[in-house]
Every structure is written in structure tokens, then in C-alpha cells.
Amino acid sequence: MLAYRQVLAVPRVPATMLLMFFARLPMTAMGITLTLHVVTDLGRGYGAAGLVGTATTLGSALGAPLVGRMIDRYGLRPVVAVCGSASAVYWVSAPHLPYPVLVAVTLPAGMLALPATSIARQALTALVPPTRRRSAYSLDSISLESSFMIGPAAGIAVATQFSAGVALTGIGLFFALTTVALCWYNPPVRHEDEVVTGSRPRVREWLGRRLSATLLFGSGALFCLIGTELATLAALRSTGEIGWTGLVIVVMCVASATGGIVYGALHRSLSQSGLMLALTVLVLPVGLFGHPWWLLALALVPTNLLCAPTLTATTEEVAALAPARVRAEAMGLLDSATRLGMALGSPVVGFVIDHSSAAAGFAAAGLGGLVLAAAGYALRLRVGWTRAVNA
């Protein structure tokens with residue numbers, strides 16, 4: 001654990017990680033709380049709730065690179081002020097909007113969402129020396145897993161005890177507080193040794209096949225992970241064990257955090273493509289162990305052990321490949337890639353489950369991730385082939 005102590009000994013790192021943990025808590029509670037509001041308070045169906053969720057995800061995916069470009073150009077504080085204020089206003093007003101208006105404003109609101117995950121990655125890249133960044137990214141992945149264990153549960157608790165509208169208002173107020181804290185603290189987004197001069201490089205100069213392949217691997221990982229979560233829910237529901245869902249999700253998060261701890265303590269990075277391949281292959285047979293719930297939880301441990309390491313390796317690749325001048329935009333593209341993987345994985349795996357079974361859903365999650373991984377492999381092989389020919 002010496003590597004983690006060395007990371008946490010870097011000035012401003014502990015405070016930055018604590019602040020970003022709280023900044024991401026409302027993000028993890030948004031989906032389930034908004035679903036409960038649409039279904040319970042507005043009396044709509046789950047399809048209507050899914051439409052709002054899709055609009056939010058699509059807006060975030062479209063807006064993340066643009067927000068990142070603004071951070072590269074104007075710095076963190078003004079962009080956080082605008083995005084944080086927009087997020088706070090949207091979530092505070094959401095409980096009072098009729099459904100058609102809510103759907104209409106969700107996409108632009110998603111485009112201006114506070115990019116907490118992207119900011120966390122940029123700040124750690126700026127603060128931590130290159131030799132310690134893998135451990136820093138692993139700590140960030142563990143922090144994100146902790147947010148997912150706390151945020152949704154808190155949102156459900158408030159919505160159950162009071163109402164989903166109160167929970168949405170709380171999310172908005174939380175966004176307002178974290179926006180003020182981020183603007184005051186203003187973590188750096190570039191390392192002090194990185195001197196950024198000259199004009200901004202054109203996109204085609206830095207967004208090459210290798211970086212595009214890295215983004216495809218990120219999409220595939222999230223396709224697999226969101227599909228696995230959906231199939232897990234379907235499996236527990238089909239066996240009448242839906243009440244154990246929370247505990248099974250905790251097991252998945254703990255396994256991911258454990259994998260992140262081990263990966264961050266290693267002396268060298270592992271291949272992103274190899275981790276991605278193992279992640280997707282290990283989920284394929286999970287459906288064979290769908291009952292009872294504890295057996296399903298155990299079957300999910302191997303693939304979830306690779307969750308945080310795969311995401312950490314992906315962040316490492318993007319940070320290494322993107323020039324400092326455009327790092328925020330590159331991290332925004334990574335956000336978009338992961339969100340698009342989620343947006344694609346949920347309906348595809350859901351369709352398979354609806355027309356087959358939860359076991360087939362696990363297989364679809366793994367196969368879908370493998371398809372996107374294969375596209376990434378093809379791009380990387382083409383890069384290697386081109387270099388060999390030019391040599």
C-alpha cells in the first residue's frame with residue numbers, strides 16, 4: 001500500500017479526492033430518483049421514465065467534449081460556474097415541470113451537466129507525477145464505486161420517506177453546494193511542469209486510431225457493465241429474490257473496489273485490451289448461476305474484480321495519448337464514450353432479456369462488449385500494420 005500512501009502524500013490530492021467524491025454523489029442518485037419521480041409523482045410508465053433517462057445520457061454524451069474544450073480554453077472555474085448553476089436550476093425545477101416540458105429540457109440540461117468525473121481525472125493527472133498516476137486513478141475508481149454504493153441508496157431513501165420531488169430538489173441543492181466548493185477550491189487541470197504554448201492542435205492531429213481504439217474499449221466496458229447490472233436485476237426478479245438486489249450490488253461494488261486496490265498497487269500497468277477481454281469473457285457464463293441469489297453474487301465477483309482496473313487502464317491510456325493542451329476535451333470524449341456504451345447496452349441487453357431470459361442477457365452483455373472490443377482491436381492492428389509498412 002506504499003503506492004497509495006505516496007499518492008495521498010502529494011499536496012492537495014486528499015482534499016481534491018474528497019471534494020470530487022461529494023461532487024459525484026448526486027450524479028449517482030440522478031437516474032433512479034428521476035425514474036421514481038416520473039413513475040410515482042407523474043404517474044407515467046417505465047418507458048416514459050426511460051425516455052427521460054436516455055435524453056439525459058445523450059445530452060451528457062454530446063456535451064462532455066464541448067465542456068472539456070471550454071475548460072481547455074477558459075479554465076476550470078468559469079465552466080464549473082456555468083455548468084454547476086445549470087445543473088442546480090434543472091434539478092431544483094424538475095419536480096415542478098409537466099412531463100412534456102421535462103423531456104424537452106432534459107437534453108440541453110444533460111449537455112450542461114457538471115462533468116465531475118472528467119474534472120476528477122484531470123485534477124489527478126495535473127497533481128500526481130506520471131509514475132504514480134495509475135495508483136491515483138485506481139483510488140479515483142474506488143471512490144466512484146463508493147459513490148455508487150451511497151448515492152442511489154440515499155436517493156431511494158429520501159424518495160421513500162418523503163417524495164421523489166424532494167429527492168430531486170436535494171440533488172439540485174447538492175449540485176449548488178459542490179459548484180461553490182469547486183469554484184472556491186479550483187483544482188488544477190494541468191501539471192505545473194506542462195507548459196502549454198502555441199495554437200490549439202487540430203482534432204485529427206491527436207484523435208488518431210490508437211486513441212479512438214481506447215475510447216472504443218471504454219464504450220465496450222460500459223456496455224458490458226450496464227448490461228450485467230440489468231441482467232442481474234432480471235435474474236433476481238425472475239427467481240423472486242428481488243429483495244436481495246441491494247446486497248448483490250454491494251458485493252459487485254466491493255469486488256470492483258478490491259480489484260482497483262490490487263491494480264493500483266502493482267508496479268506496472270496491465271494491458272487495457274487484455275483487461276477488457278477478460279472482463280467481457282468472464283460475464284458470459286454468469287447466467288448459468290442465477291439461483292439462488294448468493295450463488296449469482298459469487299458468480300459476478302470475477303468479472304467485477306476487473307471493473308475498476310479496466311476503467312483505470314482506460315483513463316491511463318487517454319491521459320498518456322492526449323496532449324496537455326486538449327486533455328480536458330479528451331477526457332470529455334472518454335466520458336462520452338462510456339455514456340454511449342451505457343446508452344447502447346441498456347436497450348440491447350433489455351431487448352434480449354425481454355425476448356429470451358436473464359441468462360441470455362448476461363451473454364448479450366459480454367458479446368456486445370466483445371464486439372466493441374473487436375472494433376478497437378481492428379483499429380490498433382491497423383495502426384501497427386501502418387507503422388510496419390512505413391518502416
# chains A, B, ... in the order shown; residues from 1 in each chain; ligands from 1
$ residues_around --residues "Ala375 of chain A" --least-positions-apart "5" --cutoff "10 Å" --atoms "only C-alpha atoms" --output "JSON, numbers by chain"
{"A": [212, 213, 216, 217, 220, 370, 380, 381]}
$ select_by_dssp --residues "segment 172-223 of chain A" --states "alpha helix (DSSP H)" --output "ChimeraX atom specification"
/A:172-185,203-206,209-223
$ closest_residue --among "A:Ser336, A:Gln272, A:Ser357, A:Ser138" --to "Gly68 of chain A" --atoms "only C-alpha atoms"
A:Ser336
$ residues_around --residues "Leu247 of chain A" --least-positions-apart "6" --cutoff "10 Å" --atoms "only C-alpha atoms" --output "list in words"
Cys253, Trp293, Trp294 and Ala297 of chain A
$ write_last_selection --atoms "C-alpha atoms" --output "mmCIF file, in the first residue's frame"
data_model
loop_
_atom_site.group_PDB
_atom_site.id
_atom_site.type_symbol
_atom_site.label_atom_id
_atom_site.label_comp_id
_atom_site.auth_asym_id
_atom_site.auth_seq_id
_atom_site.Cartn_x
_atom_site.Cartn_y
_atom_site.Cartn_z
ATOM 1 C CA CYS A 253 -19.063 -2.811 -5.910
ATOM 2 C CA TRP A 293 -29.031 -15.099 -5.063
ATOM 3 C CA TRP A 294 -25.787 -15.802 -3.183
ATOM 4 C CA ALA A 297 -23.383 -12.822 -6.323
#
$ closest_residue --among "A:Gly287, A:Pro302, A:Gly170, A:Gly246" --to "Ala153 of chain A" --atoms "only C-alpha atoms"
A:Gly246
$ closest_residue --among "A:Leu296, A:Met276, A:Leu168, A:Met331" --to "Ala319 of chain A" --atoms "only C-alpha atoms"
A:Met331
$ residues_around --residues "segment 2-8 of chain A" --least-positions-apart "2" --cutoff "7 Å" --atoms "only C-alpha atoms" --output "VMD selection string"
chain A and resid 10 13 to 14 128 132 135 to 136 265
$ write_last_selection --atoms "C-alpha atoms" --output "PDB file, in the first residue's frame"
ATOM      1  CA  VAL A  10       1.005  14.682  -2.704  1.00  0.00           C
ATOM      2  CA  VAL A  13      -4.640  15.251  -3.579  1.00  0.00           C
ATOM      3  CA  PRO A  14      -6.612  14.149  -0.452  1.00  0.00           C
ATOM      4  CA  VAL A 128       0.235  13.463  -9.422  1.00  0.00           C
ATOM      5  CA  ARG A 132       2.043   7.464  -9.560  1.00  0.00           C
ATOM      6  CA  SER A 135      -2.450   4.379  -8.266  1.00  0.00           C
ATOM      7  CA  ALA A 136      -4.222   7.747  -8.287  1.00  0.00           C
ATOM      8  CA  ALA A 265      -0.583  -1.321  -6.045  1.00  0.00           C
TER       9      ALA A 265
END
$ closest_residue --among "A:Phe175, A:Trp184, A:Tyr137, A:Phe223" --to "Ser87 of chain A" --atoms "only C-alpha atoms"
A:Phe175
$ atom_distance --atom1 "atom CA of Thr258 of chain A" --atom2 "atom CA of Glu145 of chain A"
10.3 Å
$ closest_residue --among "A:Gly341, A:Pro323, A:Gly84, A:Gly45" --to "Ala113 of chain A" --atoms "only C-alpha atoms"
A:Gly84
$ residues_around --residues "Ser85 of chain A" --least-positions-apart "4" --cutoff "8 Å" --atoms "only C-alpha atoms" --output "list in words"
Ala81, Val89, Phe175, Ala176 and Thr179 of chain A
$ residues_around --residues "Thr315 of chain A" --least-positions-apart "6" --cutoff "12 Å" --atoms "only C-alpha atoms" --output "mmCIF file with all heavy atoms, in the first residue's frame"
data_model
loop_
_atom_site.group_PDB
_atom_site.id
_atom_site.type_symbol
_atom_site.label_atom_id
_atom_site.label_comp_id
_atom_site.auth_asym_id
_atom_site.auth_seq_id
_atom_site.Cartn_x
_atom_site.Cartn_y
_atom_site.Cartn_z
ATOM 1 N N THR A 117 -16.709 13.611 -13.059
ATOM 2 C CA THR A 117 -15.752 12.528 -13.291
ATOM 3 C C THR A 117 -14.581 12.991 -14.136
ATOM 4 O O THR A 117 -13.412 12.685 -13.850
ATOM 5 C CB THR A 117 -16.460 11.337 -13.949
ATOM 6 O OG1 THR A 117 -17.477 10.851 -13.077
ATOM 7 C CG2 THR A 117 -15.475 10.212 -14.246
ATOM 8 N N SER A 118 -14.873 13.740 -15.188
ATOM 9 C CA SER A 118 -13.812 14.262 -16.047
ATOM 10 C C SER A 118 -12.900 15.214 -15.276
ATOM 11 O O SER A 118 -11.667 15.169 -15.413
ATOM 12 C CB SER A 118 -14.434 14.984 -17.250
ATOM 13 O OG SER A 118 -13.435 15.549 -18.070
ATOM 14 N N ALA A 120 -12.305 15.194 -12.047
ATOM 15 C CA ALA A 120 -11.501 14.404 -11.111
ATOM 16 C C ALA A 120 -10.284 13.810 -11.809
ATOM 17 O O ALA A 120 -9.161 13.847 -11.275
ATOM 18 C CB ALA A 120 -12.359 13.304 -10.495
ATOM 19 N N ARG A 121 -10.476 13.266 -13.008
ATOM 20 C CA ARG A 121 -9.365 12.668 -13.741
ATOM 21 C C ARG A 121 -8.331 13.720 -14.134
ATOM 22 O O ARG A 121 -7.119 13.504 -14.020
ATOM 23 C CB ARG A 121 -9.888 11.960 -14.986
ATOM 24 C CG ARG A 121 -10.721 10.722 -14.690
ATOM 25 C CD ARG A 121 -11.484 10.288 -15.915
ATOM 26 N NE ARG A 121 -12.243 9.057 -15.683
ATOM 27 C CZ ARG A 121 -13.265 8.667 -16.444
ATOM 28 N NH1 ARG A 121 -13.635 9.405 -17.483
ATOM 29 N NH2 ARG A 121 -13.903 7.546 -16.169
ATOM 30 N N GLN A 122 -8.814 14.878 -14.601
ATOM 31 C CA GLN A 122 -7.887 15.936 -14.989
ATOM 32 C C GLN A 122 -7.086 16.443 -13.794
ATOM 33 O O GLN A 122 -5.876 16.686 -13.891
ATOM 34 C CB GLN A 122 -8.663 17.105 -15.607
ATOM 35 C CG GLN A 122 -9.339 16.781 -16.921
ATOM 36 C CD GLN A 122 -10.299 17.887 -17.312
ATOM 37 O OE1 GLN A 122 -9.875 19.016 -17.529
ATOM 38 N NE2 GLN A 122 -11.582 17.582 -17.389
ATOM 39 N N LEU A 124 -6.310 14.881 -10.978
ATOM 40 C CA LEU A 124 -5.315 13.902 -10.543
ATOM 41 C C LEU A 124 -4.149 13.833 -11.526
ATOM 42 O O LEU A 124 -2.989 13.685 -11.114
ATOM 43 C CB LEU A 124 -5.965 12.523 -10.393
ATOM 44 C CG LEU A 124 -6.942 12.379 -9.226
ATOM 45 C CD1 LEU A 124 -7.616 11.018 -9.260
ATOM 46 C CD2 LEU A 124 -6.225 12.579 -7.893
ATOM 47 N N THR A 125 -4.430 13.952 -12.817
ATOM 48 C CA THR A 125 -3.364 13.971 -13.811
ATOM 49 C C THR A 125 -2.452 15.180 -13.601
ATOM 50 O O THR A 125 -1.226 15.087 -13.764
ATOM 51 C CB THR A 125 -3.953 14.006 -15.227
ATOM 52 O OG1 THR A 125 -4.823 12.876 -15.413
ATOM 53 C CG2 THR A 125 -2.855 13.949 -16.283
ATOM 54 N N ARG A 133 0.420 7.876 -11.309
ATOM 55 C CA ARG A 133 -0.938 8.164 -11.779
ATOM 56 C C ARG A 133 -1.824 6.925 -11.785
ATOM 57 O O ARG A 133 -3.024 7.022 -11.567
ATOM 58 C CB ARG A 133 -0.882 8.803 -13.175
ATOM 59 C CG ARG A 133 -0.463 10.266 -13.130
ATOM 60 C CD ARG A 133 -0.325 10.876 -14.505
ATOM 61 N NE ARG A 133 0.173 12.245 -14.412
ATOM 62 C CZ ARG A 133 0.620 12.949 -15.439
ATOM 63 N NH1 ARG A 133 0.635 12.401 -16.655
ATOM 64 N NH2 ARG A 133 1.056 14.172 -15.260
ATOM 65 N N ARG A 134 -1.247 5.743 -12.055
ATOM 66 C CA ARG A 134 -2.075 4.541 -12.045
ATOM 67 C C ARG A 134 -2.694 4.333 -10.677
ATOM 68 O O ARG A 134 -3.883 4.015 -10.557
ATOM 69 C CB ARG A 134 -1.250 3.319 -12.448
ATOM 70 C CG ARG A 134 -2.117 2.066 -12.545
ATOM 71 C CD ARG A 134 -1.333 0.834 -12.944
ATOM 72 N NE ARG A 134 -0.413 0.397 -11.907
ATOM 73 C CZ ARG A 134 0.888 0.628 -11.906
ATOM 74 N NH1 ARG A 134 1.440 1.310 -12.889
ATOM 75 N NH2 ARG A 134 1.651 0.193 -10.920
ATOM 76 N N SER A 135 -1.916 4.521 -9.626
ATOM 77 C CA SER A 135 -2.450 4.379 -8.266
ATOM 78 C C SER A 135 -3.493 5.455 -7.988
ATOM 79 O O SER A 135 -4.508 5.182 -7.334
ATOM 80 C CB SER A 135 -1.311 4.483 -7.247
ATOM 81 O OG SER A 135 -0.373 3.451 -7.442
ATOM 82 N N ALA A 136 -3.256 6.666 -8.493
ATOM 83 C CA ALA A 136 -4.222 7.747 -8.287
ATOM 84 C C ALA A 136 -5.533 7.451 -9.004
ATOM 85 O O ALA A 136 -6.622 7.646 -8.442
ATOM 86 C CB ALA A 136 -3.636 9.070 -8.784
ATOM 87 N N TYR A 137 -5.452 6.959 -10.245
ATOM 88 C CA TYR A 137 -6.669 6.622 -10.988
ATOM 89 C C TYR A 137 -7.404 5.461 -10.324
ATOM 90 O O TYR A 137 -8.644 5.404 -10.342
ATOM 91 C CB TYR A 137 -6.329 6.264 -12.437
ATOM 92 C CG TYR A 137 -5.729 7.388 -13.247
ATOM 93 C CD1 TYR A 137 -4.782 7.138 -14.231
ATOM 94 C CD2 TYR A 137 -6.102 8.711 -13.034
ATOM 95 C CE1 TYR A 137 -4.226 8.153 -14.990
ATOM 96 C CE2 TYR A 137 -5.548 9.741 -13.784
ATOM 97 C CZ TYR A 137 -4.606 9.449 -14.755
ATOM 98 O OH TYR A 137 -4.055 10.467 -15.488
ATOM 99 N N SER A 138 -6.652 4.527 -9.748
ATOM 100 C CA SER A 138 -7.293 3.418 -9.046
ATOM 101 C C SER A 138 -8.049 3.913 -7.824
ATOM 102 O O SER A 138 -9.178 3.490 -7.559
ATOM 103 C CB SER A 138 -6.241 2.381 -8.624
ATOM 104 O OG SER A 138 -5.659 1.754 -9.743
ATOM 105 N N ASP A 140 -9.314 6.804 -7.533
ATOM 106 C CA ASP A 140 -10.485 7.507 -8.045
ATOM 107 C C ASP A 140 -11.586 6.519 -8.424
ATOM 108 O O ASP A 140 -12.771 6.770 -8.182
ATOM 109 C CB ASP A 140 -10.084 8.354 -9.258
ATOM 110 C CG ASP A 140 -11.243 9.180 -9.785
ATOM 111 O OD1 ASP A 140 -11.777 10.020 -9.025
ATOM 112 O OD2 ASP A 140 -11.629 8.983 -10.949
ATOM 113 N N SER A 141 -11.211 5.387 -9.021
ATOM 114 C CA SER A 141 -12.203 4.358 -9.363
ATOM 115 C C SER A 141 -12.862 3.798 -8.106
ATOM 116 O O SER A 141 -14.076 3.554 -8.076
ATOM 117 C CB SER A 141 -11.543 3.222 -10.156
ATOM 118 O OG SER A 141 -11.071 3.681 -11.395
ATOM 119 N N LEU A 211 -6.030 6.357 -30.069
ATOM 120 C CA LEU A 211 -6.910 6.940 -29.067
ATOM 121 C C LEU A 211 -8.360 6.546 -29.331
ATOM 122 O O LEU A 211 -9.127 6.275 -28.392
ATOM 123 C CB LEU A 211 -6.764 8.464 -29.051
ATOM 124 C CG LEU A 211 -7.602 9.229 -28.021
ATOM 125 C CD1 LEU A 211 -7.394 8.685 -26.617
ATOM 126 C CD2 LEU A 211 -7.291 10.722 -28.064
ATOM 127 N N THR A 214 -8.885 3.195 -27.936
ATOM 128 C CA THR A 214 -9.008 3.270 -26.478
ATOM 129 C C THR A 214 -10.430 3.660 -26.072
ATOM 130 O O THR A 214 -10.999 3.097 -25.127
ATOM 131 C CB THR A 214 -8.007 4.294 -25.913
ATOM 132 O OG1 THR A 214 -6.675 3.873 -26.243
ATOM 133 C CG2 THR A 214 -8.139 4.426 -24.409
ATOM 134 N N LEU A 215 -11.007 4.609 -26.785
ATOM 135 C CA LEU A 215 -12.375 5.040 -26.492
ATOM 136 C C LEU A 215 -13.375 3.922 -26.789
ATOM 137 O O LEU A 215 -14.363 3.755 -26.065
ATOM 138 C CB LEU A 215 -12.722 6.290 -27.302
ATOM 139 C CG LEU A 215 -11.877 7.537 -27.002
ATOM 140 C CD1 LEU A 215 -12.252 8.669 -27.937
ATOM 141 C CD2 LEU A 215 -12.049 7.970 -25.550
ATOM 142 N N PHE A 217 -12.756 0.701 -26.506
ATOM 143 C CA PHE A 217 -12.646 -0.223 -25.383
ATOM 144 C C PHE A 217 -13.437 0.296 -24.186
ATOM 145 O O PHE A 217 -14.084 -0.478 -23.468
ATOM 146 C CB PHE A 217 -11.179 -0.422 -24.996
ATOM 147 C CG PHE A 217 -10.432 -1.339 -25.912
ATOM 148 C CD1 PHE A 217 -9.290 -0.916 -26.575
ATOM 149 C CD2 PHE A 217 -10.865 -2.644 -26.126
ATOM 150 C CE1 PHE A 217 -8.590 -1.763 -27.411
ATOM 151 C CE2 PHE A 217 -10.182 -3.498 -26.973
ATOM 152 C CZ PHE A 217 -9.034 -3.055 -27.620
ATOM 153 N N GLY A 218 -13.379 1.616 -23.943
ATOM 154 C CA GLY A 218 -14.158 2.196 -22.854
ATOM 155 C C GLY A 218 -15.655 2.018 -23.061
ATOM 156 O O GLY A 218 -16.394 1.688 -22.128
ATOM 157 N N SER A 269 1.632 -1.210 -15.280
ATOM 158 C CA SER A 269 0.267 -1.230 -15.797
ATOM 159 C C SER A 269 0.018 -2.512 -16.594
ATOM 160 O O SER A 269 0.943 -3.084 -17.171
ATOM 161 C CB SER A 269 0.030 -0.014 -16.702
ATOM 162 O OG SER A 269 0.189 1.191 -15.993
ATOM 163 N N GLN A 272 -4.807 -2.565 -21.341
ATOM 164 C CA GLN A 272 -6.228 -2.219 -21.336
ATOM 165 C C GLN A 272 -7.027 -3.223 -22.144
ATOM 166 O O GLN A 272 -8.107 -3.667 -21.720
ATOM 167 C CB GLN A 272 -6.427 -0.810 -21.913
ATOM 168 C CG GLN A 272 -7.888 -0.370 -21.954
ATOM 169 C CD GLN A 272 -8.197 0.574 -23.102
ATOM 170 O OE1 GLN A 272 -7.410 0.691 -24.043
ATOM 171 N NE2 GLN A 272 -9.324 1.247 -23.017
ATOM 172 N N ALA A 308 -12.915 -1.969 -12.027
ATOM 173 C CA ALA A 308 -12.096 -0.783 -11.732
ATOM 174 C C ALA A 308 -10.748 -0.816 -12.451
ATOM 175 O O ALA A 308 -10.303 0.210 -12.975
ATOM 176 C CB ALA A 308 -11.920 -0.630 -10.223
ATOM 177 N N PRO A 309 -10.034 -1.975 -12.505
ATOM 178 C CA PRO A 309 -8.777 -1.993 -13.264
ATOM 179 C C PRO A 309 -8.953 -1.625 -14.735
ATOM 180 O O PRO A 309 -8.118 -0.920 -15.311
ATOM 181 C CB PRO A 309 -8.300 -3.442 -13.107
ATOM 182 C CG PRO A 309 -8.867 -3.869 -11.800
ATOM 183 C CD PRO A 309 -10.216 -3.219 -11.735
ATOM 184 N N LEU A 321 -2.080 9.517 -24.135
ATOM 185 C CA LEU A 321 -2.162 9.782 -25.567
ATOM 186 C C LEU A 321 -2.570 11.220 -25.893
ATOM 187 O O LEU A 321 -2.207 11.737 -26.955
ATOM 188 C CB LEU A 321 -3.160 8.820 -26.221
ATOM 189 C CG LEU A 321 -2.761 7.342 -26.236
ATOM 190 C CD1 LEU A 321 -3.919 6.485 -26.743
ATOM 191 C CD2 LEU A 321 -1.529 7.126 -27.109
ATOM 192 N N ALA A 322 -3.312 11.867 -25.007
ATOM 193 C CA ALA A 322 -3.825 13.201 -25.297
ATOM 194 C C ALA A 322 -2.796 14.274 -24.918
ATOM 195 O O ALA A 322 -2.257 14.246 -23.809
ATOM 196 C CB ALA A 322 -5.124 13.450 -24.537
ATOM 197 N N ARG A 327 -6.293 18.033 -23.091
ATOM 198 C CA ARG A 327 -6.591 16.912 -22.207
ATOM 199 C C ARG A 327 -8.041 16.936 -21.722
ATOM 200 O O ARG A 327 -8.688 15.891 -21.606
ATOM 201 C CB ARG A 327 -5.653 16.916 -21.008
ATOM 202 C CG ARG A 327 -5.883 15.708 -20.072
ATOM 203 C CD ARG A 327 -4.869 15.681 -18.963
ATOM 204 N NE ARG A 327 -3.538 15.444 -19.485
ATOM 205 C CZ ARG A 327 -2.457 16.122 -19.099
ATOM 206 N NH1 ARG A 327 -2.565 17.073 -18.201
ATOM 207 N NH2 ARG A 327 -1.286 15.832 -19.616
ATOM 208 N N ALA A 330 -10.220 15.578 -24.358
ATOM 209 C CA ALA A 330 -10.026 14.131 -24.484
ATOM 210 C C ALA A 330 -10.734 13.389 -23.355
ATOM 211 O O ALA A 330 -11.364 12.348 -23.587
ATOM 212 C CB ALA A 330 -8.527 13.809 -24.479
ATOM 213 N N MET A 331 -10.645 13.907 -22.139
ATOM 214 C CA MET A 331 -11.361 13.281 -21.035
ATOM 215 C C MET A 331 -12.874 13.394 -21.237
ATOM 216 O O MET A 331 -13.643 12.502 -20.845
ATOM 217 C CB MET A 331 -10.955 13.927 -19.704
ATOM 218 C CG MET A 331 -9.530 13.608 -19.269
ATOM 219 S SD MET A 331 -9.287 11.835 -18.952
ATOM 220 C CE MET A 331 -7.570 11.835 -18.427
ATOM 221 N N GLY A 332 -13.308 14.499 -21.854
ATOM 222 C CA GLY A 332 -14.720 14.628 -22.192
ATOM 223 C C GLY A 332 -15.151 13.584 -23.207
ATOM 224 O O GLY A 332 -16.259 13.035 -23.122
ATOM 225 N N LEU A 333 -14.277 13.302 -24.171
ATOM 226 C CA LEU A 333 -14.577 12.241 -25.140
ATOM 227 C C LEU A 333 -14.662 10.883 -24.460
ATOM 228 O O LEU A 333 -15.489 10.044 -24.834
ATOM 229 C CB LEU A 333 -13.500 12.221 -26.228
ATOM 230 C CG LEU A 333 -13.593 13.296 -27.302
ATOM 231 C CD1 LEU A 333 -12.355 13.281 -28.179
ATOM 232 C CD2 LEU A 333 -14.847 13.116 -28.149
ATOM 233 N N LEU A 334 -13.805 10.661 -23.464
ATOM 234 C CA LEU A 334 -13.893 9.410 -22.708
ATOM 235 C C LEU A 334 -15.229 9.321 -21.973
ATOM 236 O O LEU A 334 -15.862 8.259 -21.963
ATOM 237 C CB LEU A 334 -12.737 9.320 -21.714
ATOM 238 C CG LEU A 334 -12.731 8.103 -20.783
ATOM 239 C CD1 LEU A 334 -12.747 6.801 -21.575
ATOM 240 C CD2 LEU A 334 -11.533 8.147 -19.852
ATOM 241 N N ASP A 335 -15.660 10.430 -21.379
ATOM 242 C CA ASP A 335 -16.986 10.458 -20.752
ATOM 243 C C ASP A 335 -18.079 10.115 -21.760
ATOM 244 O O ASP A 335 -18.990 9.339 -21.476
ATOM 245 C CB ASP A 335 -17.255 11.854 -20.163
ATOM 246 C CG ASP A 335 -16.980 11.901 -18.674
ATOM 247 O OD1 ASP A 335 -16.606 10.872 -18.098
ATOM 248 O OD2 ASP A 335 -17.148 12.984 -18.085
ATOM 249 N N ALA A 337 -17.770 8.424 -24.569
ATOM 250 C CA ALA A 337 -17.656 7.030 -24.985
ATOM 251 C C ALA A 337 -18.293 6.095 -23.968
ATOM 252 O O ALA A 337 -19.026 5.162 -24.328
ATOM 253 C CB ALA A 337 -16.182 6.666 -25.195
ATOM 254 N N THR A 338 -18.035 6.341 -22.691
ATOM 255 C CA THR A 338 -18.602 5.466 -21.664
ATOM 256 C C THR A 338 -20.119 5.640 -21.579
ATOM 257 O O THR A 338 -20.857 4.668 -21.410
ATOM 258 C CB THR A 338 -17.960 5.748 -20.308
ATOM 259 O OG1 THR A 338 -18.074 7.147 -19.985
ATOM 260 C CG2 THR A 338 -16.489 5.378 -20.323
#
$ residues_around --residues "Ile249 of chain A" --least-positions-apart "4" --cutoff "12 Å" --atoms "only C-alpha atoms" --output "count of residues only"
30
